[in-house]
>>> print(open('protein_9.csv').read())   # CSV, C-alpha atoms
chain,number,residue,atom,x,y,z
U,8,MET,CA,-20.5,-20.6,-19.0
U,9,LYS,CA,-18.5,-17.4,-18.9
U,10,ARG,CA,-19.1,-15.5,-15.7
U,11,GLU,CA,-18.7,-11.8,-15.4
U,12,ILE,CA,-19.0,-9.6,-12.3
U,13,GLU,CA,-19.1,-5.9,-12.4
U,14,VAL,CA,-18.9,-3.6,-9.4
U,15,ASP,CA,-19.6,0.1,-9.8
U,16,ILE,CA,-19.1,2.2,-6.7
U,17,LYS,CA,-18.7,5.8,-5.7
U,18,VAL,CA,-17.2,6.7,-2.4
U,19,PRO,CA,-16.3,10.1,-0.9
U,20,ASN,CA,-12.9,11.4,-1.7
U,21,GLN,CA,-11.5,10.3,1.7
U,22,THR,CA,-8.7,7.9,2.6
U,23,ARG,CA,-10.9,6.1,5.2
U,24,TYR,CA,-12.7,4.4,2.3
U,25,LEU,CA,-9.5,2.8,1.0
U,26,SER,CA,-9.9,-0.3,3.0
U,27,LEU,CA,-13.6,-0.8,1.9
U,28,ILE,CA,-12.6,-0.6,-1.8
U,29,GLY,CA,-9.5,-2.9,-1.2
U,30,ARG,CA,-11.7,-5.4,0.6
U,31,ILE,CA,-14.2,-5.5,-2.2
U,32,GLY,CA,-11.3,-6.2,-4.6
U,33,GLU,CA,-10.1,-9.0,-2.5
U,34,ASP,CA,-13.5,-10.6,-2.2
U,35,LEU,CA,-13.9,-10.5,-6.0
U,36,ALA,CA,-10.6,-12.3,-6.5
U,37,ARG,CA,-11.7,-15.1,-4.2
U,38,GLU,CA,-14.7,-15.7,-6.5
U,39,LEU,CA,-12.4,-16.7,-9.3
U,40,ASP,CA,-12.4,-20.4,-8.6
U,41,LYS,CA,-11.0,-21.2,-12.1
U,42,TYR,CA,-7.9,-19.0,-11.6
U,43,GLN,CA,-4.8,-21.2,-11.9
U,44,GLY,CA,-2.5,-19.0,-9.9
U,45,ASP,CA,-2.4,-18.3,-6.1
U,46,ARG,CA,-5.8,-16.7,-5.4
U,47,GLU,CA,-4.6,-15.1,-2.2
U,48,THR,CA,-1.7,-13.3,-3.9
U,49,LEU,CA,-4.1,-12.1,-6.7
U,50,ALA,CA,-6.5,-10.9,-4.0
U,51,TYR,CA,-3.7,-8.9,-2.3
U,52,HIS,CA,-2.6,-7.5,-5.6
U,53,ILE,CA,-6.1,-6.3,-6.5
U,54,ASN,CA,-6.5,-4.8,-3.1
U,55,LEU,CA,-3.1,-3.0,-3.6
U,56,VAL,CA,-3.7,-1.6,-7.0
U,57,LEU,CA,-7.2,-0.3,-6.0
U,58,THR,CA,-5.7,1.3,-2.9
U,59,GLU,CA,-2.8,2.9,-4.8
U,60,ALA,CA,-5.0,4.2,-7.6
U,61,MET,CA,-7.7,5.5,-5.3
U,62,ALA,CA,-5.1,7.2,-3.0
U,63,ASN,CA,-3.6,8.9,-6.0
U,64,ALA,CA,-7.0,10.1,-7.2
U,65,ILE,CA,-7.8,11.4,-3.7
U,66,LYS,CA,-4.5,13.2,-3.1
U,67,HIS,CA,-3.4,14.4,-6.5
U,68,ALA,CA,-6.4,14.6,-8.8
U,69,ASN,CA,-9.1,15.6,-6.4
U,70,VAL,CA,-6.6,17.4,-4.1
U,71,ASN,CA,-8.0,16.0,-0.9
U,72,ASP,CA,-11.4,17.8,-1.4
U,73,PRO,CA,-13.7,15.7,0.9
U,74,GLU,CA,-16.8,17.0,-1.0
U,75,LYS,CA,-15.7,15.2,-4.2
U,76,TYR,CA,-16.2,11.5,-5.0
U,77,VAL,CA,-14.0,8.8,-6.4
U,78,HIS,CA,-15.8,6.5,-8.8
U,79,ILE,CA,-14.5,3.0,-9.3
U,80,CYS,CA,-15.6,0.3,-11.7
U,81,ILE,CA,-14.2,-3.2,-11.5
U,82,ASN,CA,-15.0,-5.8,-14.1
U,83,ILE,CA,-13.8,-9.3,-13.6
U,84,THR,CA,-14.2,-12.5,-15.7
U,85,ASP,CA,-12.3,-15.8,-15.6
U,86,ASP,CA,-10.0,-14.3,-18.3
U,87,ASP,CA,-9.5,-10.7,-17.4
U,88,LEU,CA,-9.6,-8.0,-14.8
U,89,PHE,CA,-10.4,-4.4,-15.7
U,90,ILE,CA,-10.3,-1.6,-13.2
U,91,LYS,CA,-11.3,2.0,-13.9
U,92,VAL,CA,-10.8,4.8,-11.4
U,93,TYR,CA,-12.5,8.1,-12.3
U,94,ASP,CA,-11.7,11.4,-10.8
U,95,SER,CA,-13.3,14.7,-11.4
U,96,GLY,CA,-10.3,16.8,-10.5
U,97,GLN,CA,-7.4,18.4,-12.3
U,98,GLY,CA,-6.0,15.1,-13.4
U,99,PHE,CA,-2.9,13.2,-12.5
U,100,ASP,CA,-1.4,11.3,-15.4
U,101,ILE,CA,0.2,8.4,-13.7
U,102,SER,CA,1.0,6.8,-17.0
U,103,ASN,CA,3.9,9.3,-17.5
U,104,ILE,CA,5.5,8.9,-14.1
U,105,PRO,CA,9.0,7.5,-14.4
U,106,LYS,CA,10.2,4.4,-12.5
U,107,PRO,CA,11.5,5.3,-9.0
U,108,ASP,CA,15.3,5.6,-8.4
U,109,PHE,CA,15.9,2.6,-6.1
U,110,GLU,CA,19.2,4.1,-4.9
U,111,LYS,CA,17.4,7.2,-3.5
U,112,LEU,CA,15.4,6.8,-0.4
U,113,ASP,CA,12.4,8.9,-1.1
U,114,ASP,CA,9.3,8.8,1.2
U,115,SER,CA,6.9,8.7,-1.8
U,116,GLY,CA,6.8,7.8,-5.5
U,117,ARG,CA,6.4,4.0,-5.3
U,118,GLY,CA,2.7,3.8,-5.8
U,119,VAL,CA,2.7,4.1,-9.6
U,120,PHE,CA,5.6,1.7,-9.9
U,121,ILE,CA,3.6,-0.8,-7.9
U,122,ILE,CA,0.5,-0.4,-10.1
U,123,LYS,CA,2.6,-0.8,-13.3
U,124,SER,CA,4.4,-3.8,-11.9
U,125,LEU,CA,1.3,-5.7,-11.0
U,126,MET,CA,-1.0,-4.8,-14.0
U,127,ASP,CA,-0.4,-5.6,-17.7
U,128,LYS,CA,-1.7,-2.3,-19.1
U,129,VAL,CA,-2.2,1.1,-17.5
U,130,THR,CA,-3.6,4.2,-19.3
U,131,TYR,CA,-4.9,7.6,-18.2
U,132,HIS,CA,-7.2,9.8,-20.3
U,133,ARG,CA,-10.0,12.3,-20.1
U,134,ILE,CA,-13.5,11.2,-21.1
U,135,ASN,CA,-16.8,13.2,-20.8
U,136,GLY,CA,-15.2,15.8,-18.5
U,137,GLU,CA,-13.7,13.2,-16.1
U,138,ASN,CA,-10.3,11.6,-15.9
U,139,VAL,CA,-10.1,7.9,-16.0
U,140,LEU,CA,-7.2,5.6,-15.0
U,141,GLU,CA,-7.7,2.3,-16.7
U,142,MET,CA,-5.8,-0.8,-15.7
U,143,SER,CA,-6.1,-4.4,-16.9
U,144,LYS,CA,-4.6,-7.7,-16.2
U,145,ASN,CA,-4.9,-11.0,-18.0
U,146,LEU,CA,-5.8,-13.8,-15.6
U,147,LYS,CA,-5.2,-16.8,-17.9
O,14,MET,CA,-3.8,4.3,14.4
O,15,GLU,CA,-3.4,1.8,17.2
O,16,LEU,CA,0.2,1.5,18.3
O,17,PHE,CA,1.5,-0.2,21.4
O,18,ILE,CA,5.0,1.0,22.6
O,19,GLU,CA,7.2,-0.7,25.2
O,20,GLU,CA,10.8,-0.5,26.2
O,21,ARG,CA,12.9,-3.7,26.1
O,22,ASP,CA,16.5,-3.1,27.4
O,23,THR,CA,17.9,-0.4,25.1
O,24,VAL,CA,15.2,-1.0,22.4
O,25,THR,CA,11.9,0.9,21.9
O,26,LEU,CA,9.5,-1.7,20.5
O,27,VAL,CA,6.6,-0.3,18.5
O,28,HIS,CA,3.8,-2.8,17.8
O,29,VAL,CA,1.6,-1.7,14.9
O,30,LYS,CA,-1.8,-3.0,16.0
O,31,GLU,CA,-3.5,-2.5,12.6
O,32,GLU,CA,-4.3,-4.9,9.8
O,33,ARG,CA,-3.6,-2.3,7.1
O,34,LEU,CA,-0.8,0.3,6.9
O,35,ASP,CA,-2.0,2.6,4.1
O,36,ALA,CA,-2.5,6.2,3.0
O,37,HIS,CA,-5.2,6.5,5.7
O,38,ASN,CA,-3.1,5.8,8.8
O,39,SER,CA,0.6,5.8,7.7
O,40,VAL,CA,1.2,9.4,8.7
O,41,ASP,CA,0.4,8.5,12.3
O,42,LEU,CA,3.2,6.0,12.3
O,43,LYS,CA,5.6,8.4,10.5
O,44,VAL,CA,4.9,11.1,13.2
O,45,LYS,CA,5.3,8.6,16.1
O,46,ILE,CA,8.7,7.4,14.8
O,47,GLN,CA,9.9,10.9,14.3
O,48,GLU,CA,8.8,11.8,17.9
O,49,LEU,CA,10.7,8.8,19.3
O,50,PHE,CA,14.0,9.8,17.7
O,51,ASP,CA,13.4,13.5,18.5
O,52,THR,CA,12.9,12.6,22.2
O,53,GLY,CA,16.3,10.8,22.3
O,54,LYS,CA,15.4,7.2,21.5
O,55,LYS,CA,18.2,5.5,19.6
O,56,ASN,CA,17.0,2.0,18.8
O,57,VAL,CA,13.6,1.6,17.4
O,58,LEU,CA,12.1,-1.8,16.4
O,59,ILE,CA,8.8,-1.9,14.4
O,60,ASN,CA,6.8,-5.1,14.9
O,61,LEU,CA,4.7,-5.6,11.8
O,62,GLN,CA,3.2,-9.0,12.9
O,63,ASP,CA,-0.4,-7.8,12.8
O,64,VAL,CA,0.0,-5.9,9.5
O,65,ARG,CA,-1.5,-8.0,6.7
O,66,PHE,CA,-1.5,-5.2,4.1
O,67,ILE,CA,0.9,-2.4,3.3
O,68,ASP,CA,0.8,0.1,0.4
O,69,SER,CA,3.3,2.7,-0.9
O,70,SER,CA,2.5,5.2,1.8
O,71,GLY,CA,3.1,2.6,4.5
O,72,LEU,CA,6.4,1.8,3.0
O,73,GLY,CA,7.1,5.5,2.8
O,74,ALA,CA,6.4,6.0,6.5
O,75,LEU,CA,9.0,3.3,7.3
O,76,VAL,CA,11.5,4.9,4.8
O,77,SER,CA,11.0,8.2,6.6
O,78,GLY,CA,11.6,6.5,9.9
O,79,PHE,CA,14.8,4.9,8.6
O,80,LYS,CA,16.1,8.3,7.4
O,81,ASN,CA,15.1,9.8,10.8
O,82,ALA,CA,17.1,7.1,12.5
O,83,SER,CA,20.2,7.8,10.4
O,84,SER,CA,20.0,11.6,11.0
O,85,HIS,CA,19.8,11.0,14.8
O,86,HIS,CA,22.7,8.4,14.7
O,87,GLY,CA,20.1,5.7,15.7
O,88,ASN,CA,18.7,2.5,14.3
O,89,LEU,CA,15.4,1.5,13.0
O,90,LYS,CA,14.8,-2.2,12.3
O,91,LEU,CA,11.8,-4.3,11.3
O,92,ALA,CA,10.4,-7.6,12.6
O,93,SER,CA,7.8,-10.3,11.9
O,94,LEU,CA,6.7,-9.4,8.4
O,95,GLN,CA,3.8,-11.4,6.9
O,96,PRO,CA,4.7,-12.9,3.5
O,97,GLN,CA,2.7,-10.5,1.3
O,98,VAL,CA,4.1,-7.5,3.2
O,99,LYS,CA,7.6,-8.9,2.8
O,100,SER,CA,6.9,-9.2,-1.0
O,101,MET,CA,6.2,-5.5,-1.2
O,102,PHE,CA,9.7,-4.7,0.3
O,103,GLU,CA,11.2,-7.0,-2.3
O,104,LEU,CA,9.2,-5.5,-5.2
O,105,THR,CA,10.3,-2.0,-4.2
O,106,ARG,CA,13.9,-3.2,-3.4
O,107,LEU,CA,13.5,-1.9,0.2
O,108,HIS,CA,14.5,-5.3,1.6
O,109,ARG,CA,18.1,-4.1,0.7
O,110,VAL,CA,17.7,-1.0,2.9
O,111,PHE,CA,16.1,-2.4,6.1
O,112,GLU,CA,17.3,-5.0,8.5
O,113,ILE,CA,14.4,-7.4,8.7
O,114,PHE,CA,14.1,-10.1,11.3
O,115,SER,CA,11.7,-13.1,11.6
O,116,THR,CA,11.0,-12.4,15.3
O,117,THR,CA,11.2,-9.4,17.6
O,118,ALA,CA,13.4,-11.5,20.0
O,119,GLU,CA,15.9,-12.0,17.2
O,120,ALA,CA,15.8,-8.4,16.2
O,121,ILE,CA,16.4,-7.2,19.8
O,122,ASP,CA,19.5,-9.4,20.0
O,123,ASN,CA,20.9,-7.6,16.9
O,124,PHE,CA,20.8,-4.0,18.1
>>> encode(input="protein_9.csv", output="C-alpha cells")
Amino acid sequence: MKREIEVDIKVPNQTRYLSLIGRIGEDLARELDKYQGDRETLAYHINLVLTEAMANAIKHANVNDPEKYVHICINITDDDLFIKVYDSGQGFDISNIPKPDFEKLDDSGRGVFIIKSLMDKVTYHRINGENVLEMSKNLK
Amino acid sequence: MELFIEERDTVTLVHVKEERLDAHNSVDLKVKIQELFDTGKKNVLINLQDVRFIDSSGLGALVSGFKNASSHHGNLKLASLQPQVKSMFELTRLHRVFEIFSTTAEAIDNF
C-alpha cells in the first residue's frame, strides 16, 4: 500500500515559526519507515531546507512584513518528497542565485546553496498571484 | 537567545544554550561576539555542544565573528560540534576556515 502524507500550513511571516515548521518536517521524515537511508539525516535535511526556504520567503519575498503569511505545503510518500513554499510578496527567485564563492567569507548567501545541495530539483515561479518555491527529492 | 559566558584563563568561553541556531536567534550571537571583541576580548571560544541544528544564518553569525576576531587581532574558535552541525560546516567548506575542536578543554589548550 502506497502511503501519502500531506501537510498544508500557514504561519505568520515571522522567524519565530521557523522551528515549528522545521520540527514538522523532521517528524514527517521519521514516519518513513521504508526509507533505506539514514532517517535522522533525512529528518535534519528536511528541517534545514524548510528553514532556509521559509527564512528566504520571510526576509526577501515578504520583506519582514509580520502581517503577511508564509504558506507551506509538504507532500511525502515512500518514493518522493515535495515541498512548496508560497509567498505573497515581491518574489525572490532563488533558482537564479549563483553558487557562493567559498574563498570569500561572506556572512550570508549560503542558504540557497544548501537547498540546492540537498534537494534534487528546485524551481521558483508565479502562480495565481503568488510566488511558489518548489523543491523535490527522490527518496528511493 | 540563551548564552552563558565565562572566563577561563585568557579565553572567553561562550556556551550557546540553544537547540537551534537559525534566522530567528543568530543575530543575538553575532551581536554578542562583536561586543566581546569591541570590549577588548582577544580569545573567544564558542561551545556548540547544545546546538543540534544550524542553518545558513547561524553559520553566517559565526563567519561574522571570525572576521571580527581577525580585524581585532584576536581568535575565534569552535568546540563540541554535533555530527549534523559539523556536516553543515563541511557542506559549505567552512571547516577549512574555522579551527574546530572536539572538546572545550582541547580548544582552550590551543589558544
>>> interface_residues(input="protein_9.csv", of="chain U", to="chain O", cutoff="9 Å", atoms="all atoms listed in the file", output="MDAnalysis selection string")
chainID U and resid 21:26 48 51 54:56 58:59 62 107 109 112:121 124
>>> residues_near_point(input="protein_9.csv", point="(-11.5, 15.2, -10.4)", cutoff="9 Å", atoms="all atoms listed in the file", output="compact mmCIF listing (two decimals) with C-alpha atoms, keeping the file's coordinate frame")
# COMPACT_ATOMS: atom_id res chain seq x y z
CA ALA U 64 -7.00 10.10 -7.20
CA ILE U 65 -7.80 11.40 -3.70
CA ALA U 68 -6.40 14.60 -8.80
CA ASN U 69 -9.10 15.60 -6.40
CA VAL U 70 -6.60 17.40 -4.10
CA LYS U 75 -15.70 15.20 -4.20
CA TYR U 76 -16.20 11.50 -5.00
CA VAL U 77 -14.00 8.80 -6.40
CA TYR U 93 -12.50 8.10 -12.30
CA ASP U 94 -11.70 11.40 -10.80
CA SER U 95 -13.30 14.70 -11.40
CA GLY U 96 -10.30 16.80 -10.50
CA GLN U 97 -7.40 18.40 -12.30
CA GLY U 98 -6.00 15.10 -13.40
CA GLY U 136 -15.20 15.80 -18.50
CA GLU U 137 -13.70 13.20 -16.10
CA ASN U 138 -10.30 11.60 -15.90
>>> residues_around(input="protein_9.csv", residues="Met126 (chain U)", least_positions_apart="5", cutoff="8 Å", atoms="all atoms listed in the file", output="PyMOL selection string")
chain U and resi 142-144
>>> residues_around(input="protein_9.csv", residues="Asp100 (chain U)", least_positions_apart="4", cutoff="9 Å", atoms="only C-alpha atoms", output="short mmCIF file (atom, residue, chain, number, x, y, z; two decimals) with C-alpha atoms, in the frame of the given file")
data_model
loop_
_atom_site.label_atom_id
_atom_site.label_comp_id
_atom_site.auth_asym_id
_atom_site.auth_seq_id
_atom_site.Cartn_x
_atom_site.Cartn_y
_atom_site.Cartn_z
CA ALA U 68 -6.40 14.60 -8.80
CA ILE U 104 5.50 8.90 -14.10
CA THR U 130 -3.60 4.20 -19.30
CA TYR U 131 -4.90 7.60 -18.20
CA HIS U 132 -7.20 9.80 -20.30
CA ASN U 138 -10.30 11.60 -15.90
CA LEU U 140 -7.20 5.60 -15.00
#
>>> atom_distance(input="protein_9.csv", atom1="CA of Asp41 (chain O)", atom2="CA of Ile90 (chain U)")
29.4 Å
>>> residues_near_point(input="protein_9.csv", point="(15.8, 11.6, 13.5)", cutoff="7 Å", atoms="all atoms listed in the file", output="list of chain:residue names")
O:Gln47, O:Phe50, O:Asp51, O:Lys80, O:Asn81, O:Ala82, O:Ser83, O:Ser84, O:His85
>>> atom_distance(input="protein_9.csv", atom1="CA of Val24 (chain O)", atom2="CA of Val57 (chain O)")
5.9 Å
>>> closest_residue(input="protein_9.csv", among="U:Ile101, U:Val92, U:Val18, U:Ile79", to="Lys123 (chain U)", atoms="all atoms listed in the file")
U:Ile101
>>> closest_residue(input="protein_9.csv", among="O:Ser115, O:Thr52, O:Asn123, O:Thr23", to="Lys99 (chain O)", atoms="all atoms listed in the file")
O:Ser115
>>> atom_distance(input="protein_9.csv", atom1="CA of Thr84 (chain U)", atom2="CA of Asn20 (chain U)")
27.7 Å
